[in-house]
$ cat coords13.txt   # compact mmCIF, C-alpha atoms
# COMPACT_ATOMS: atom_id res chain seq x y z
CA LEU A 1 23.07 -12.31 27.18
CA ILE A 2 25.72 -12.69 24.49
CA GLY A 3 24.53 -16.23 23.79
CA LEU A 4 20.94 -15.07 23.42
CA CYS A 5 22.01 -12.35 20.95
CA ALA A 6 24.01 -14.89 18.96
CA VAL A 7 21.05 -17.28 18.79
CA LEU A 8 18.60 -14.57 17.79
CA THR A 9 20.97 -13.16 15.17
CA GLY A 10 21.74 -16.62 13.82
CA CYS A 11 18.10 -17.54 13.31
CA GLY A 12 17.39 -14.46 11.19
CA TYR A 13 15.42 -12.61 13.86
CA HIS A 14 15.03 -8.89 13.18
CA LEU A 15 12.67 -6.05 13.87
CA VAL A 16 9.99 -5.48 11.24
CA GLY A 17 11.03 -2.73 8.84
CA SER A 18 14.69 -2.86 9.84
CA THR A 19 16.01 -5.07 7.05
CA SER A 20 15.74 -5.57 3.31
CA PHE A 21 16.26 -8.52 1.03
CA LEU A 22 17.01 -6.11 -1.84
CA PRO A 23 20.63 -5.43 -2.80
CA ASP A 24 22.09 -2.29 -1.18
CA ASP A 25 23.16 -0.90 -4.57
CA LEU A 26 19.51 -0.49 -5.62
CA THR A 27 18.66 3.01 -4.45
CA ASP A 28 16.76 4.88 -7.19
CA LEU A 29 13.08 4.05 -7.55
CA HIS A 30 10.51 5.24 -10.05
CA LEU A 31 7.02 5.11 -8.57
CA ALA A 32 4.66 4.54 -11.50
CA THR A 33 1.06 5.66 -11.06
CA PHE A 34 -1.03 2.57 -10.44
CA GLU A 35 -3.66 1.92 -13.09
CA ASN A 36 -7.08 2.46 -11.56
CA ARG A 37 -9.57 -0.25 -12.54
CA THR A 38 -12.22 0.93 -10.08
CA ARG A 39 -15.04 3.45 -10.04
CA TRP A 40 -13.16 5.51 -7.43
CA ALA A 41 -11.89 8.34 -9.60
CA ASP A 42 -8.96 9.45 -7.46
CA ALA A 43 -7.95 6.19 -5.78
CA ASP A 44 -4.77 6.06 -7.87
CA GLN A 45 -3.72 9.55 -6.79
CA ARG A 46 -4.42 8.84 -3.12
CA LEU A 47 -2.44 5.59 -3.29
CA SER A 48 0.48 7.24 -5.12
CA GLU A 49 0.70 9.97 -2.49
CA SER A 50 0.60 7.43 0.34
CA LEU A 51 3.24 5.24 -1.28
CA ALA A 52 5.54 8.20 -1.94
CA ARG A 53 5.24 9.39 1.67
CA GLU A 54 5.95 5.90 3.02
CA ILE A 55 8.96 5.34 0.73
CA VAL A 56 10.43 8.70 1.70
CA ARG A 57 9.74 8.02 5.39
CA ARG A 58 11.68 4.74 5.23
CA ARG A 59 14.73 6.47 3.69
CA ARG A 60 15.74 3.33 1.82
CA PHE A 61 15.15 4.65 -1.72
CA GLU A 62 15.31 7.93 -3.58
CA ILE A 63 12.22 8.48 -5.71
CA THR A 64 12.99 9.66 -9.24
CA ASP A 65 10.43 11.27 -11.51
CA ARG A 66 12.06 10.03 -14.70
CA PRO A 67 12.05 6.28 -15.36
CA ALA A 68 15.37 6.63 -17.23
CA ASP A 69 17.06 7.78 -13.99
CA ALA A 70 15.76 4.84 -11.96
CA GLN A 71 17.14 1.40 -11.21
CA MET A 72 13.76 0.02 -10.18
CA ARG A 73 10.10 0.67 -10.84
CA LEU A 74 7.20 0.01 -8.50
CA GLU A 75 4.13 -0.52 -10.65
CA GLY A 76 0.71 -2.03 -10.43
CA GLU A 77 -3.00 -1.59 -10.66
CA ILE A 78 -5.81 -0.97 -8.24
CA VAL A 79 -7.94 -4.05 -8.77
CA SER A 80 -10.85 -3.20 -6.50
CA VAL A 81 -12.28 -1.00 -3.81
CA THR A 82 -15.26 -2.66 -2.19
CA VAL A 83 -17.61 -1.32 0.46
CA SER A 84 -19.88 -3.69 2.36
CA PRO A 85 -22.22 -3.09 5.29
CA VAL A 86 -21.16 -5.01 8.39
CA ARG A 87 -23.55 -3.71 11.05
CA LEU A 88 -27.22 -2.71 10.80
CA ASP A 89 -29.50 -0.80 13.13
CA ASP A 90 -32.93 -2.08 14.25
CA ARG A 91 -34.51 -0.66 11.08
CA GLY A 92 -32.09 -2.49 8.78
CA ARG A 93 -29.98 0.56 7.91
CA ALA A 94 -26.21 0.18 7.75
CA THR A 95 -24.34 1.89 10.59
CA GLU A 96 -20.90 0.40 9.89
CA TYR A 97 -19.19 -0.42 6.63
CA GLN A 98 -16.05 -2.30 5.73
CA MET A 99 -13.90 -1.00 2.89
CA THR A 100 -11.36 -3.26 1.19
CA LEU A 101 -8.63 -2.08 -1.17
CA THR A 102 -6.90 -4.65 -3.38
CA VAL A 103 -3.93 -4.00 -5.65
CA SER A 104 -1.77 -6.08 -7.94
CA THR A 105 1.81 -4.84 -7.72
CA ARG A 106 5.40 -5.62 -8.55
CA LEU A 107 8.85 -4.19 -8.04
CA VAL A 108 10.98 -4.44 -11.18
CA ASP A 109 14.74 -4.08 -11.65
CA ILE A 110 14.99 -2.02 -14.85
CA ARG A 111 18.79 -1.74 -15.05
CA GLY A 112 19.38 -4.43 -17.65
CA ASP A 113 18.07 -5.06 -21.15
CA LYS A 114 15.25 -7.18 -19.82
CA PRO A 115 13.31 -6.05 -16.71
CA GLU A 116 13.55 -8.50 -13.81
CA THR A 117 10.81 -8.84 -11.22
CA LEU A 118 12.28 -8.51 -7.72
CA TRP A 119 9.01 -8.82 -5.79
CA GLN A 120 5.34 -9.09 -6.66
CA ASP A 121 1.94 -9.69 -5.15
CA PRO A 122 -1.06 -10.06 -7.48
CA SER A 123 -3.65 -9.53 -4.73
CA PHE A 124 -2.24 -7.36 -1.96
CA SER A 125 -5.09 -6.00 0.16
CA ARG A 126 -6.02 -4.21 3.33
CA ARG A 127 -9.38 -3.38 4.92
CA THR A 128 -10.82 -0.94 7.40
CA SER A 129 -14.19 -0.39 9.02
CA TYR A 130 -15.93 2.89 9.61
CA ASP A 131 -19.13 3.99 11.34
CA VAL A 132 -21.79 6.17 9.76
CA ASP A 133 -24.75 7.99 11.20
CA VAL A 134 -27.67 7.10 8.92
CA SER A 135 -29.23 10.53 9.48
CA ALA A 136 -25.99 12.48 8.86
CA VAL A 137 -25.07 14.29 5.69
CA ASP A 138 -21.39 13.29 5.91
CA TYR A 139 -21.87 9.75 4.59
CA PHE A 140 -19.65 10.31 1.55
CA ASP A 141 -17.10 12.24 3.61
CA ARG A 142 -16.72 9.15 5.81
CA GLN A 143 -16.04 7.07 2.68
CA VAL A 144 -13.31 9.47 1.57
CA GLU A 145 -11.77 9.44 5.05
CA ALA A 146 -11.86 5.64 5.05
CA LEU A 147 -10.17 5.51 1.63
CA ASP A 148 -7.45 7.89 2.83
CA GLU A 149 -6.84 5.75 5.92
CA LEU A 150 -6.87 2.59 3.82
CA THR A 151 -4.34 3.89 1.28
CA ARG A 152 -2.00 4.88 4.13
CA GLU A 153 -2.28 1.45 5.76
CA LEU A 154 -1.85 -0.35 2.45
CA ALA A 155 1.20 1.78 1.57
CA GLN A 156 2.87 1.01 4.91
CA ALA A 157 2.21 -2.72 4.58
CA LEU A 158 3.20 -2.81 0.90
CA VAL A 159 6.53 -1.05 1.45
CA THR A 160 7.30 -3.37 4.37
CA ALA A 161 6.45 -6.44 2.26
CA MET A 162 8.47 -5.11 -0.67
CA LEU A 163 11.54 -4.43 1.47
CA GLU A 164 11.41 -7.70 3.35
CA GLY A 165 10.34 -9.92 0.46
CA PHE A 166 7.10 -11.20 2.00

$ encode --input "coords13.txt" --output "structure tokens"
Amino acid sequence: LIGLCAVLTGCGYHLVGSTSFLPDDLTDLHLATFENRTRWADADQRLSESLAREIVRRRRFEITDRPADAQMRLEGEIVSVTVSPVRLDDRGRATEYQMTLTVSTRLVDIRGDKPETLWQDPSFSRRTSYDVDVSAVDYFDRQVEALDELTRELAQALVTAMLEGF
């Protein structure tokens, strides 16, 4: 058992979300509102809320409102939100859609005179599918629910990638 632990520890094995490639002395993070380049008016607010919740949940960083009080800044832009039909009924009406959210993001060390990029991903994305009843009046409500779910999933994956350097 001890030998197995030594081998697993030596090869860099760890549980997802339990480690960070970032220096331990980086603790204060400013979460900049992502620039929204889509037609989804509140996508930036939904993403900011999801990111803030996920960062707080992980307890690795303290979020600061003022950039001057931060050591790092997480910034980016929402590049696209696309919705595509993926399943049709016998009359050719969409009964299932796939929504994809794509962001360009980077984590920047802002302690020195010149900001240094610690991690970045120019096309980080996640997708989800959702069903709709073609005769129902809640079509747009389902889109909003899907966007909420998608921002939560993207925030979880983004914070994991940012912490682990993927």

$ atom_distance --input "coords13.txt" --atom1 "atom CA of Ala157 of chain A" --atom2 "atom CA of Ala94 of chain A"
28.7 Å

$ atom_distance --input "coords13.txt" --atom1 "atom CA of Val144 of chain A" --atom2 "atom CA of Ser123 of chain A"
22.2 Å

$ atom_distance --input "coords13.txt" --atom1 "atom CA of Asp44 of chain A" --atom2 "atom CA of Thr151 of chain A"
9.4 Å

$ residues_around --input "coords13.txt" --residues "Pro122 of chain A" --least-positions-apart "3" --cutoff "10 Å" --atoms "only C-alpha atoms" --output "list in words"
Gly76, Glu77, Val79, Thr102, Val103, Ser104, Thr105, Arg106 and Ser125 of chain A

$ residues_around --input "coords13.txt" --residues "Leu31 of chain A" --least-positions-apart "2" --cutoff "8 Å" --atoms "only C-alpha atoms" --output "ChimeraX atom specification"
/A:29,33,48,52,63-65,73-75

$ closest_residue --input "coords13.txt" --among "A:Ala155, A:Ala43, A:Ala70, A:Leu107" --to "Arg126 of chain A" --atoms "all atoms listed in the file"
A:Ala155

$ residues_around --input "coords13.txt" --residues "Met99 of chain A" --least-positions-apart "5" --cutoff "10 Å" --atoms "all atoms listed in the file" --output "compact mmCIF listing (two decimals) with C-alpha atoms, in the frame of the given file"
# COMPACT_ATOMS: atom_id res chain seq x y z
CA VAL A 81 -12.28 -1.00 -3.81
CA THR A 82 -15.26 -2.66 -2.19
CA VAL A 83 -17.61 -1.32 0.46
CA SER A 84 -19.88 -3.69 2.36
CA PRO A 85 -22.22 -3.09 5.29
CA VAL A 86 -21.16 -5.01 8.39
CA ARG A 126 -6.02 -4.21 3.33
CA ARG A 127 -9.38 -3.38 4.92
CA THR A 128 -10.82 -0.94 7.40
CA SER A 129 -14.19 -0.39 9.02
CA TYR A 130 -15.93 2.89 9.61
CA GLN A 143 -16.04 7.07 2.68
CA ALA A 146 -11.86 5.64 5.05
CA LEU A 147 -10.17 5.51 1.63
CA LEU A 150 -6.87 2.59 3.82

$ closest_residue --input "coords13.txt" --among "A:Glu35, A:Arg142, A:Gly112, A:Thr160" --to "Gln98 of chain A" --atoms "only C-alpha atoms"
A:Arg142

$ closest_residue --input "coords13.txt" --among "A:Val56, A:Val134, A:Glu153, A:Arg46" --to "Arg87 of chain A" --atoms "all atoms listed in the file"
A:Val134

$ closest_residue --input "coords13.txt" --among "A:Arg58, A:Pro67, A:Ser135, A:Trp119" --to "Arg93 of chain A" --atoms "only C-alpha atoms"
A:Ser135

$ closest_residue --input "coords13.txt" --among "A:Ile78, A:Leu22, A:Ile55, A:Ala68" --to "Phe34 of chain A" --atoms "all atoms listed in the file"
A:Ile78
